[in-house]
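Working notes for the structure below.
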Amino acid sequence: MPSHDRVLPPLSRRGFLTAGTAAALALAPGPAWAGPRPFGRYGSPTARLTPKTLYVHPAGRGDLTSVQAAVTAASGSGWTLVVAPGTYRETVAVDATRTDMTWIGAGDDPRAVVIVYDNAAGTPKPGGGTYGTTGSATTLVQADGFTAHRITFANDWLRADHPGVSGTQAVAIKVQGDRSAFHHCRFLGHQDTLYADSMALGVLARQYFAHCYAEGDVDFVFGRGTAVFEHCHFRTLSRTDLSSAPYGFVFAPSTAGANPRGYLVTRSRVTGEAPDAYYKLARPWVPSSDPTARPSLTVRDTHLGPGIDAVAPYANMSDSFPWQDQRFAEYRNTGPGAVVTVPENRPRLTATEAESHSRGAYLGDWRPYERP
């Protein structure tokens with residue numbers, strides 16, 4: 001689908017919280033929001049794109065006023081949700097039966113449509129206990145064939161507001177379905193922002209992120225999925241609760257040992273607001289549920305800013321599973337965070353090896369990067 005995104009200055013989740021909704025989302029009176037066509041070029045309830053298109057508008061000018069209500073109404077396969085500009089403070093779950101669903105943000109910029117909530121792993125549940133990492137997710141996608149265009153997925157839980165909570169993981173979105181694609185989307189959080197996973201150990205979940213933005217601090221892109229990140233921007237956040245490095249880790253894959261492909265980051269960039277060398281590029285996550293995992297991450301043709309520790313860009317999550325035993329590799333990266341000063345700390349692919357680390361190799365017969 002052609003993009004009509006405007007180029008706007010970066011706005012972090014922290015800016016979203018402090019600037020106020022209208023200012024942060026760059027919303028002003030205009031046809032897409034206040035005029036006669038809140039859904040822009042995507043039709044309306046009286047002129048649907050298809051019989052299986054539903055329209056969401058927070059002020060009641062669509063079929064439904066919440067994203068979850070629209071998902072619930074869209075039972076079965078092949079539905080499209082067109083979401084009008086606005087902030088949708090809710091949790092949303094797309095179960096495995098709602099396959100081949102597409103969400104379209106009707107604004108010209110992904111900041112116009114925001115789905116946000118503020119649960120953390122340690123947040124008490126109404127019925128007792130806590131939510132846990134998965135339960136903290138603002139959006140959960142379990143269905144195969146899910147696609148999103150120009151939407152911001154956020155979790156605005158903050159450590160500073162909850163000093164007594166130890167479970168600080170706060171997921172913006174957890175994606176488990178196969179053939180899940182995100183185009184021009186934003187993922188905002190701090191710890192565990194983007195959970196690119198699968199439904200179960202041994203189940204393949206291919207995911208594609210194109211022209212997306214993700215920010216956070218600790219392991220803010222993590223999970224078991226086979227995911228390609230192309231032309232994406234990863235931004236590391238500063239921290240006021242720590243006085244020394246490292247502030248955090250960009251990637252924490254937990255790829256199953258039998259899966260030859262985990263995360264591929266290509267033609268992207270990593271920037272940040274933290275001091276130089278205060279972030280690690282990655283650490284391997286070998287969860288207790290799968291001690292045979294061999295996390296896999298390849299970062300290639302990507303600009304690594306000065307916030308990445310060039311001397312030691314990788315670290316252990318557990319000394320029992322050293323990063324050197326995992327499948328980490330780099331190829332033709334640039335920037336101050338990519339400078340090789342200690343060669344044994346920068347595993348690099350040869351040109352021949354790099355040929356098998358492409359979006360085609362990772363995604364197989366599924367080609368979400370091709371226009372229909």
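By order in the structure tokens, chains are A, B, ...; within a chain, residues start at 1; ligands start at 1, following the order shown.
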Which of range 138-369 of chain A counts as strand (DSSP E) under DSSP, as a compact mmCIF listing (two decimals) with N, CA, C and O atoms, in the first residue's frame please?
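The result, written out as out_32.txt:
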```txt
# COMPACT_ATOMS: atom_id res chain seq x y z
N THR A 139 -1.52 -4.53 23.53
CA THR A 139 -2.13 -5.23 22.38
C THR A 139 -1.52 -6.62 22.27
O THR A 139 -0.29 -6.77 22.35
N LEU A 140 -2.36 -7.61 22.09
CA LEU A 140 -1.92 -8.99 21.91
C LEU A 140 -2.47 -9.49 20.58
O LEU A 140 -3.68 -9.42 20.33
N VAL A 141 -1.58 -9.99 19.71
CA VAL A 141 -1.99 -10.51 18.40
C VAL A 141 -1.57 -11.97 18.30
O VAL A 141 -0.38 -12.28 18.26
N THR A 147 -2.02 -7.59 9.76
CA THR A 147 -1.27 -6.48 9.17
C THR A 147 -1.74 -5.18 9.79
O THR A 147 -2.94 -4.98 9.99
N ALA A 148 -0.79 -4.29 10.09
CA ALA A 148 -1.13 -2.97 10.62
C ALA A 148 -0.38 -1.91 9.84
O ALA A 148 0.79 -2.08 9.49
N HIS A 149 -1.07 -0.80 9.58
CA HIS A 149 -0.49 0.35 8.88
C HIS A 149 -0.69 1.61 9.71
O HIS A 149 -1.81 1.91 10.14
N THR A 152 0.30 3.64 16.29
CA THR A 152 1.21 3.63 17.42
C THR A 152 0.67 2.69 18.49
O THR A 152 -0.49 2.81 18.91
N PHE A 153 1.52 1.74 18.91
CA PHE A 153 1.20 0.81 19.99
C PHE A 153 2.06 1.21 21.19
O PHE A 153 3.30 1.23 21.08
N ALA A 154 1.44 1.51 22.32
CA ALA A 154 2.21 2.06 23.43
C ALA A 154 1.80 1.44 24.77
O ALA A 154 0.66 1.00 24.95
N ASN A 155 2.77 1.45 25.69
CA ASN A 155 2.52 1.16 27.09
C ASN A 155 3.14 2.28 27.88
O ASN A 155 4.37 2.47 27.85
N ILE A 173 3.15 -4.26 22.69
CA ILE A 173 2.47 -5.25 21.84
C ILE A 173 3.21 -6.57 21.90
O ILE A 173 4.44 -6.62 21.91
N LYS A 174 2.43 -7.64 21.96
CA LYS A 174 2.98 -8.99 21.83
C LYS A 174 2.38 -9.61 20.58
O LYS A 174 1.16 -9.69 20.42
N VAL A 175 3.26 -10.04 19.67
CA VAL A 175 2.85 -10.60 18.39
C VAL A 175 3.26 -12.06 18.36
O VAL A 175 4.44 -12.39 18.51
N SER A 180 2.78 -11.87 10.27
CA SER A 180 2.35 -10.61 10.89
C SER A 180 3.21 -9.48 10.35
O SER A 180 4.44 -9.53 10.45
N ALA A 181 2.58 -8.45 9.78
CA ALA A 181 3.32 -7.37 9.13
C ALA A 181 2.90 -6.02 9.70
O ALA A 181 1.72 -5.76 9.93
N PHE A 182 3.91 -5.17 9.91
CA PHE A 182 3.69 -3.82 10.44
C PHE A 182 4.41 -2.83 9.53
O PHE A 182 5.62 -2.94 9.34
N HIS A 183 3.65 -1.89 8.99
CA HIS A 183 4.21 -0.90 8.08
C HIS A 183 4.01 0.50 8.67
O HIS A 183 2.89 0.89 8.99
N ARG A 186 4.62 2.50 15.15
CA ARG A 186 5.47 2.91 16.26
C ARG A 186 5.17 2.05 17.47
O ARG A 186 4.00 1.71 17.74
N PHE A 187 6.23 1.73 18.24
CA PHE A 187 6.11 0.89 19.42
C PHE A 187 6.82 1.61 20.56
O PHE A 187 8.04 1.75 20.54
N LEU A 188 6.05 2.05 21.56
CA LEU A 188 6.58 2.91 22.61
C LEU A 188 6.45 2.26 23.97
O LEU A 188 5.37 1.80 24.35
N LEU A 194 8.44 -4.33 22.60
CA LEU A 194 7.96 -5.08 21.44
C LEU A 194 8.31 -6.55 21.61
O LEU A 194 9.48 -6.94 21.54
N TYR A 195 7.30 -7.37 21.82
CA TYR A 195 7.46 -8.79 22.10
C TYR A 195 7.15 -9.55 20.82
O TYR A 195 6.00 -9.86 20.52
N ALA A 196 8.18 -9.84 20.03
CA ALA A 196 8.02 -10.55 18.76
C ALA A 196 8.23 -12.04 19.02
O ALA A 196 9.36 -12.53 19.08
N ARG A 206 6.56 -15.93 11.49
CA ARG A 206 7.30 -14.96 10.70
C ARG A 206 6.65 -13.59 10.82
O ARG A 206 5.43 -13.46 10.70
N GLN A 207 7.50 -12.59 11.05
CA GLN A 207 7.00 -11.23 11.25
C GLN A 207 7.88 -10.26 10.47
O GLN A 207 9.09 -10.46 10.34
N TYR A 208 7.25 -9.20 9.97
CA TYR A 208 7.95 -8.22 9.15
C TYR A 208 7.59 -6.83 9.63
O TYR A 208 6.41 -6.48 9.77
N PHE A 209 8.63 -6.03 9.91
CA PHE A 209 8.47 -4.66 10.37
C PHE A 209 9.20 -3.76 9.38
O PHE A 209 10.42 -3.87 9.22
N ALA A 210 8.46 -2.88 8.71
CA ALA A 210 9.06 -2.01 7.70
C ALA A 210 8.79 -0.56 8.05
O ALA A 210 7.65 -0.18 8.34
N TYR A 213 9.26 2.33 14.08
CA TYR A 213 10.03 2.98 15.13
C TYR A 213 9.75 2.26 16.44
O TYR A 213 8.58 2.02 16.78
N ALA A 214 10.80 1.90 17.18
CA ALA A 214 10.63 1.26 18.48
C ALA A 214 11.59 1.91 19.47
O ALA A 214 12.75 2.19 19.14
N GLU A 215 11.11 2.16 20.67
CA GLU A 215 11.97 2.75 21.69
C GLU A 215 11.80 2.03 23.02
O GLU A 215 10.78 1.39 23.28
N GLY A 216 12.84 2.18 23.86
CA GLY A 216 12.77 1.58 25.18
C GLY A 216 14.13 1.58 25.83
O GLY A 216 15.06 2.27 25.41
N VAL A 218 15.26 -1.61 28.50
CA VAL A 218 15.71 -2.98 28.79
C VAL A 218 15.04 -3.97 27.84
O VAL A 218 13.81 -4.10 27.83
N ASP A 219 15.84 -4.65 27.03
CA ASP A 219 15.34 -5.74 26.17
C ASP A 219 14.09 -5.31 25.40
O ASP A 219 13.11 -6.05 25.30
N PHE A 220 14.14 -4.13 24.79
CA PHE A 220 12.87 -3.60 24.30
C PHE A 220 12.42 -4.17 22.96
O PHE A 220 11.32 -3.86 22.50
N VAL A 221 13.21 -5.04 22.35
CA VAL A 221 12.74 -5.89 21.24
C VAL A 221 13.16 -7.31 21.59
O VAL A 221 14.35 -7.61 21.62
N PHE A 222 12.22 -8.19 21.86
CA PHE A 222 12.58 -9.49 22.43
C PHE A 222 11.57 -10.56 22.03
O PHE A 222 10.46 -10.26 21.59
N GLY A 223 11.98 -11.83 22.17
CA GLY A 223 11.06 -12.93 21.93
C GLY A 223 11.60 -13.99 21.00
O GLY A 223 12.74 -13.98 20.57
N THR A 226 10.53 -15.27 14.35
CA THR A 226 11.43 -15.05 13.22
C THR A 226 11.02 -13.72 12.61
O THR A 226 9.99 -13.64 11.94
N ALA A 227 11.78 -12.68 12.88
CA ALA A 227 11.34 -11.32 12.55
C ALA A 227 12.38 -10.59 11.73
O ALA A 227 13.58 -10.64 12.03
N VAL A 228 11.91 -9.90 10.71
CA VAL A 228 12.76 -9.04 9.88
C VAL A 228 12.37 -7.59 10.15
O VAL A 228 11.20 -7.22 10.05
N PHE A 229 13.38 -6.78 10.49
CA PHE A 229 13.20 -5.36 10.72
C PHE A 229 13.96 -4.62 9.62
O PHE A 229 15.19 -4.68 9.57
N GLU A 230 13.23 -3.97 8.75
CA GLU A 230 13.84 -3.33 7.58
C GLU A 230 13.49 -1.84 7.58
O GLU A 230 12.33 -1.45 7.74
N HIS A 233 13.83 2.23 12.90
CA HIS A 233 14.58 3.13 13.79
C HIS A 233 14.37 2.65 15.22
O HIS A 233 13.23 2.59 15.70
N PHE A 234 15.46 2.30 15.88
CA PHE A 234 15.42 1.88 17.27
C PHE A 234 16.06 2.98 18.12
O PHE A 234 17.20 3.38 17.85
N ARG A 235 15.35 3.44 19.14
CA ARG A 235 15.85 4.56 19.93
C ARG A 235 15.94 4.16 21.40
O ARG A 235 14.95 3.75 22.01
N THR A 236 17.13 4.29 21.96
CA THR A 236 17.35 3.97 23.37
C THR A 236 17.06 5.20 24.22
O THR A 236 17.42 6.33 23.86
N GLY A 248 20.71 -0.44 29.40
CA GLY A 248 19.83 -1.46 28.89
C GLY A 248 20.35 -2.12 27.64
O GLY A 248 21.55 -2.02 27.31
N PHE A 249 19.44 -2.81 26.94
CA PHE A 249 19.78 -3.67 25.81
C PHE A 249 18.69 -3.50 24.75
O PHE A 249 17.50 -3.54 25.06
N VAL A 250 19.11 -3.37 23.51
CA VAL A 250 18.12 -3.16 22.45
C VAL A 250 17.38 -4.47 22.15
O VAL A 250 16.15 -4.52 22.18
N PHE A 251 18.11 -5.54 21.88
CA PHE A 251 17.51 -6.81 21.46
C PHE A 251 17.78 -7.90 22.49
O PHE A 251 18.87 -7.97 23.06
N ALA A 252 16.77 -8.76 22.67
CA ALA A 252 16.93 -9.94 23.52
C ALA A 252 16.16 -11.10 22.90
O ALA A 252 15.09 -11.48 23.36
N PRO A 253 16.70 -11.68 21.82
CA PRO A 253 16.01 -12.80 21.16
C PRO A 253 16.05 -14.06 22.02
O PRO A 253 16.98 -14.26 22.82
N TYR A 263 16.10 -13.05 14.65
CA TYR A 263 15.87 -11.66 14.25
C TYR A 263 16.90 -11.23 13.20
O TYR A 263 18.09 -11.49 13.34
N LEU A 264 16.41 -10.54 12.18
CA LEU A 264 17.26 -9.92 11.18
C LEU A 264 16.95 -8.43 11.16
O LEU A 264 15.81 -8.03 10.91
N VAL A 265 17.97 -7.62 11.41
CA VAL A 265 17.84 -6.16 11.36
C VAL A 265 18.66 -5.69 10.17
O VAL A 265 19.87 -5.96 10.10
N THR A 266 18.02 -5.04 9.22
CA THR A 266 18.73 -4.65 8.01
C THR A 266 18.33 -3.25 7.57
O THR A 266 17.17 -2.84 7.69
N ARG A 269 18.62 1.83 11.76
CA ARG A 269 19.51 2.67 12.56
C ARG A 269 19.13 2.59 14.03
O ARG A 269 17.96 2.36 14.38
N VAL A 270 20.15 2.75 14.86
CA VAL A 270 19.97 2.78 16.31
C VAL A 270 20.50 4.10 16.82
O VAL A 270 21.67 4.42 16.63
N THR A 271 19.63 4.89 17.43
CA THR A 271 20.04 6.16 18.01
C THR A 271 19.62 6.16 19.47
O THR A 271 19.03 5.20 19.97
N GLY A 272 19.92 7.26 20.18
CA GLY A 272 19.51 7.30 21.58
C GLY A 272 19.78 8.62 22.24
O GLY A 272 20.49 9.48 21.72
N TYR A 279 24.60 1.66 26.21
CA TYR A 279 23.70 0.58 25.83
C TYR A 279 24.45 -0.55 25.15
O TYR A 279 25.41 -0.33 24.41
N LYS A 280 23.99 -1.77 25.41
CA LYS A 280 24.44 -2.95 24.67
C LYS A 280 23.49 -3.17 23.49
O LYS A 280 22.29 -2.87 23.57
N LEU A 281 24.04 -3.68 22.43
CA LEU A 281 23.20 -3.97 21.27
C LEU A 281 22.24 -5.12 21.57
O LEU A 281 21.07 -5.08 21.16
N ALA A 282 22.71 -6.13 22.30
CA ALA A 282 21.86 -7.29 22.55
C ALA A 282 22.39 -8.13 23.69
O ALA A 282 23.57 -8.05 24.07
N SER A 296 19.14 -15.96 18.26
CA SER A 296 19.72 -15.64 16.96
C SER A 296 19.40 -14.19 16.60
O SER A 296 18.23 -13.79 16.61
N LEU A 297 20.44 -13.43 16.27
CA LEU A 297 20.29 -12.03 15.86
C LEU A 297 21.37 -11.69 14.86
O LEU A 297 22.56 -11.88 15.13
N THR A 298 20.96 -11.18 13.71
CA THR A 298 21.90 -10.63 12.74
C THR A 298 21.55 -9.17 12.49
O THR A 298 20.39 -8.85 12.19
N VAL A 299 22.53 -8.30 12.65
CA VAL A 299 22.36 -6.87 12.38
C VAL A 299 23.28 -6.53 11.21
O VAL A 299 24.50 -6.69 11.31
N ARG A 300 22.70 -6.08 10.12
CA ARG A 300 23.51 -5.82 8.94
C ARG A 300 23.10 -4.50 8.27
O ARG A 300 21.95 -4.07 8.35
N HIS A 303 23.12 1.51 10.79
CA HIS A 303 23.91 2.54 11.47
C HIS A 303 23.71 2.42 12.98
O HIS A 303 22.58 2.48 13.47
N LEU A 304 24.80 2.24 13.69
CA LEU A 304 24.77 2.14 15.15
C LEU A 304 25.34 3.41 15.74
O LEU A 304 26.51 3.74 15.54
N ARG A 327 23.86 -17.24 18.56
CA ARG A 327 23.99 -16.96 17.14
C ARG A 327 23.85 -15.46 16.87
O ARG A 327 22.85 -15.02 16.30
N PHE A 328 24.84 -14.71 17.26
CA PHE A 328 24.88 -13.27 17.04
C PHE A 328 25.87 -12.98 15.92
O PHE A 328 26.96 -13.57 15.87
N ALA A 329 25.51 -12.05 15.04
CA ALA A 329 26.41 -11.73 13.93
C ALA A 329 26.11 -10.33 13.41
O ALA A 329 24.99 -9.82 13.55
N GLU A 330 27.11 -9.73 12.78
CA GLU A 330 26.98 -8.41 12.17
C GLU A 330 27.58 -8.44 10.77
O GLU A 330 28.40 -9.30 10.45
N TYR A 331 27.16 -7.46 9.97
CA TYR A 331 27.70 -7.37 8.62
C TYR A 331 27.53 -5.95 8.09
O TYR A 331 26.43 -5.41 8.08
```
Subject >> Spatial neighbours of range 77-79 of chain A, max dist 9 Å, only C-alpha atoms, sep filter under 6 positions, as a PyMOL selection string >> reply: chain A and resi 50-54+71+97-103+145
Just to be explicit: take each residue in the selection above, keep N, CA, C and O atoms, and write the result as a PDB file, in the first residue's frame.
```pdb
ATOM      1  N   THR A  50     -15.033  -2.555   1.746  1.00  0.00           N
ATOM      2  CA  THR A  50     -15.526  -3.902   1.447  1.00  0.00           C
ATOM      3  C   THR A  50     -16.628  -4.212   2.462  1.00  0.00           C
ATOM      4  O   THR A  50     -16.745  -3.535   3.493  1.00  0.00           O
ATOM      5  N   PRO A  51     -17.421  -5.241   2.226  1.00  0.00           N
ATOM      6  CA  PRO A  51     -18.426  -5.622   3.229  1.00  0.00           C
ATOM      7  C   PRO A  51     -17.809  -6.018   4.564  1.00  0.00           C
ATOM      8  O   PRO A  51     -18.491  -5.973   5.599  1.00  0.00           O
ATOM      9  N   LYS A  52     -16.526  -6.396   4.554  1.00  0.00           N
ATOM     10  CA  LYS A  52     -15.857  -6.795   5.795  1.00  0.00           C
ATOM     11  C   LYS A  52     -14.941  -5.689   6.328  1.00  0.00           C
ATOM     12  O   LYS A  52     -13.897  -5.968   6.907  1.00  0.00           O
ATOM     13  N   THR A  53     -15.326  -4.447   6.155  1.00  0.00           N
ATOM     14  CA  THR A  53     -14.601  -3.316   6.717  1.00  0.00           C
ATOM     15  C   THR A  53     -15.436  -2.689   7.827  1.00  0.00           C
ATOM     16  O   THR A  53     -16.629  -2.405   7.625  1.00  0.00           O
ATOM     17  N   LEU A  54     -14.811  -2.487   8.992  1.00  0.00           N
ATOM     18  CA  LEU A  54     -15.451  -1.806  10.109  1.00  0.00           C
ATOM     19  C   LEU A  54     -14.697  -0.515  10.408  1.00  0.00           C
ATOM     20  O   LEU A  54     -13.476  -0.446  10.238  1.00  0.00           O
ATOM     21  N   VAL A  71     -12.750  -5.485  17.073  1.00  0.00           N
ATOM     22  CA  VAL A  71     -12.164  -6.819  16.935  1.00  0.00           C
ATOM     23  C   VAL A  71     -13.194  -7.881  17.319  1.00  0.00           C
ATOM     24  O   VAL A  71     -13.346  -8.901  16.644  1.00  0.00           O
ATOM     25  N   THR A  97      -8.473 -17.071  16.088  1.00  0.00           N
ATOM     26  CA  THR A  97      -9.532 -17.343  15.099  1.00  0.00           C
ATOM     27  C   THR A  97      -9.730 -16.189  14.121  1.00  0.00           C
ATOM     28  O   THR A  97     -10.346 -16.378  13.072  1.00  0.00           O
ATOM     29  N   ARG A  98      -9.220 -15.020  14.442  1.00  0.00           N
ATOM     30  CA  ARG A  98      -9.472 -13.832  13.607  1.00  0.00           C
ATOM     31  C   ARG A  98      -8.301 -13.624  12.642  1.00  0.00           C
ATOM     32  O   ARG A  98      -7.540 -12.671  12.752  1.00  0.00           O
ATOM     33  N   THR A  99      -8.175 -14.526  11.712  1.00  0.00           N
ATOM     34  CA  THR A  99      -7.026 -14.532  10.812  1.00  0.00           C
ATOM     35  C   THR A  99      -7.152 -13.484   9.710  1.00  0.00           C
ATOM     36  O   THR A  99      -8.245 -13.023   9.377  1.00  0.00           O
ATOM     37  N   ASP A 100      -6.000 -13.128   9.151  1.00  0.00           N
ATOM     38  CA  ASP A 100      -5.929 -12.216   8.000  1.00  0.00           C
ATOM     39  C   ASP A 100      -6.667 -10.903   8.253  1.00  0.00           C
ATOM     40  O   ASP A 100      -7.399 -10.397   7.392  1.00  0.00           O
ATOM     41  N   MET A 101      -6.455 -10.360   9.430  1.00  0.00           N
ATOM     42  CA  MET A 101      -7.063  -9.081   9.798  1.00  0.00           C
ATOM     43  C   MET A 101      -6.095  -7.950   9.499  1.00  0.00           C
ATOM     44  O   MET A 101      -4.886  -8.074   9.693  1.00  0.00           O
ATOM     45  N   THR A 102      -6.627  -6.825   9.024  1.00  0.00           N
ATOM     46  CA  THR A 102      -5.820  -5.645   8.729  1.00  0.00           C
ATOM     47  C   THR A 102      -6.355  -4.461   9.520  1.00  0.00           C
ATOM     48  O   THR A 102      -7.567  -4.221   9.550  1.00  0.00           O
ATOM     49  N   TRP A 103      -5.443  -3.732  10.152  1.00  0.00           N
ATOM     50  CA  TRP A 103      -5.782  -2.475  10.819  1.00  0.00           C
ATOM     51  C   TRP A 103      -5.137  -1.339  10.040  1.00  0.00           C
ATOM     52  O   TRP A 103      -3.936  -1.375   9.755  1.00  0.00           O
ATOM     53  N   GLY A 145      -1.599 -13.854   9.813  1.00  0.00           N
ATOM     54  CA  GLY A 145      -1.990 -12.967   8.726  1.00  0.00           C
ATOM     55  C   GLY A 145      -2.390 -11.576   9.158  1.00  0.00           C
ATOM     56  O   GLY A 145      -3.109 -10.887   8.419  1.00  0.00           O
TER      57      GLY A 145
END
```
Subject >> Residue nearest Asp301 in chain A among A:Val342, A:Leu242, A:Cys232, A:Leu201 (counting only C-alpha atoms) >> reply: A:Cys232
**OP:** Identify, with DSSP run on backbone atoms, the residues in range 109-284 of chain A assigned to alpha helix (DSSP H), and express the list as a VMD selection string.
**Re:** chain A and resid 132 to 135
Could you turn the residues from that selection into a file that holds C-alpha atoms, as a PDB file, in the first residue's frame?
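Output below, filename selection_37.pdb:
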```
ATOM      1  CA  GLY A 132       3.020 -10.950  34.343  1.00  0.00           C
ATOM      2  CA  THR A 133       4.931  -9.949  31.235  1.00  0.00           C
ATOM      3  CA  THR A 134       2.463 -11.303  28.673  1.00  0.00           C
ATOM      4  CA  GLY A 135      -0.524 -10.018  30.598  1.00  0.00           C
TER       5      GLY A 135
END
```
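Shortest atom-to-atom contact with Leu204 in chain A among A:Leu363, A:Ala93, A:Ala47, A:Leu237: A:Leu363, counting only C-alpha atoms.
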**OP:** Name all residues at most 10 Å from Pro343 in chain A (count only C-alpha atoms; drop same-chain ones fewer than 5 positions away) and give them as a list in words.
**Re:** Val311, Ala312 and Arg348 of chain A
**OP:** Go ahead and compute the interatomic distance for CA of Ala200 in chain A and CA of Val286 in chain A, in Å to one decimal.
**Re:** 14.7 Å
**OP:** Return the single residue from A:Gly225, A:Gly202, A:Gly360, A:Pro58 that is closest to Pro38 in chain A, with distances computed using only C-alpha atoms.
**Re:** A:Pro58
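CA of Tyr131 in chain A is found 27.3 Å from CA of Val83 in chain A.
For the atom pair formed by CA of Thr193 in chain A and CA of Phe321 in chain A, the distance is 23.2 Å, given to one decimal.
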**OP:** May I have the residues within 10 Å of Thr65 in chain A as a PyMOL selection string, using only C-alpha atoms and disregarding those fewer than 3 positions away in the same chain?
**Re:** chain A and resi 55-62+68-70+83-84+88
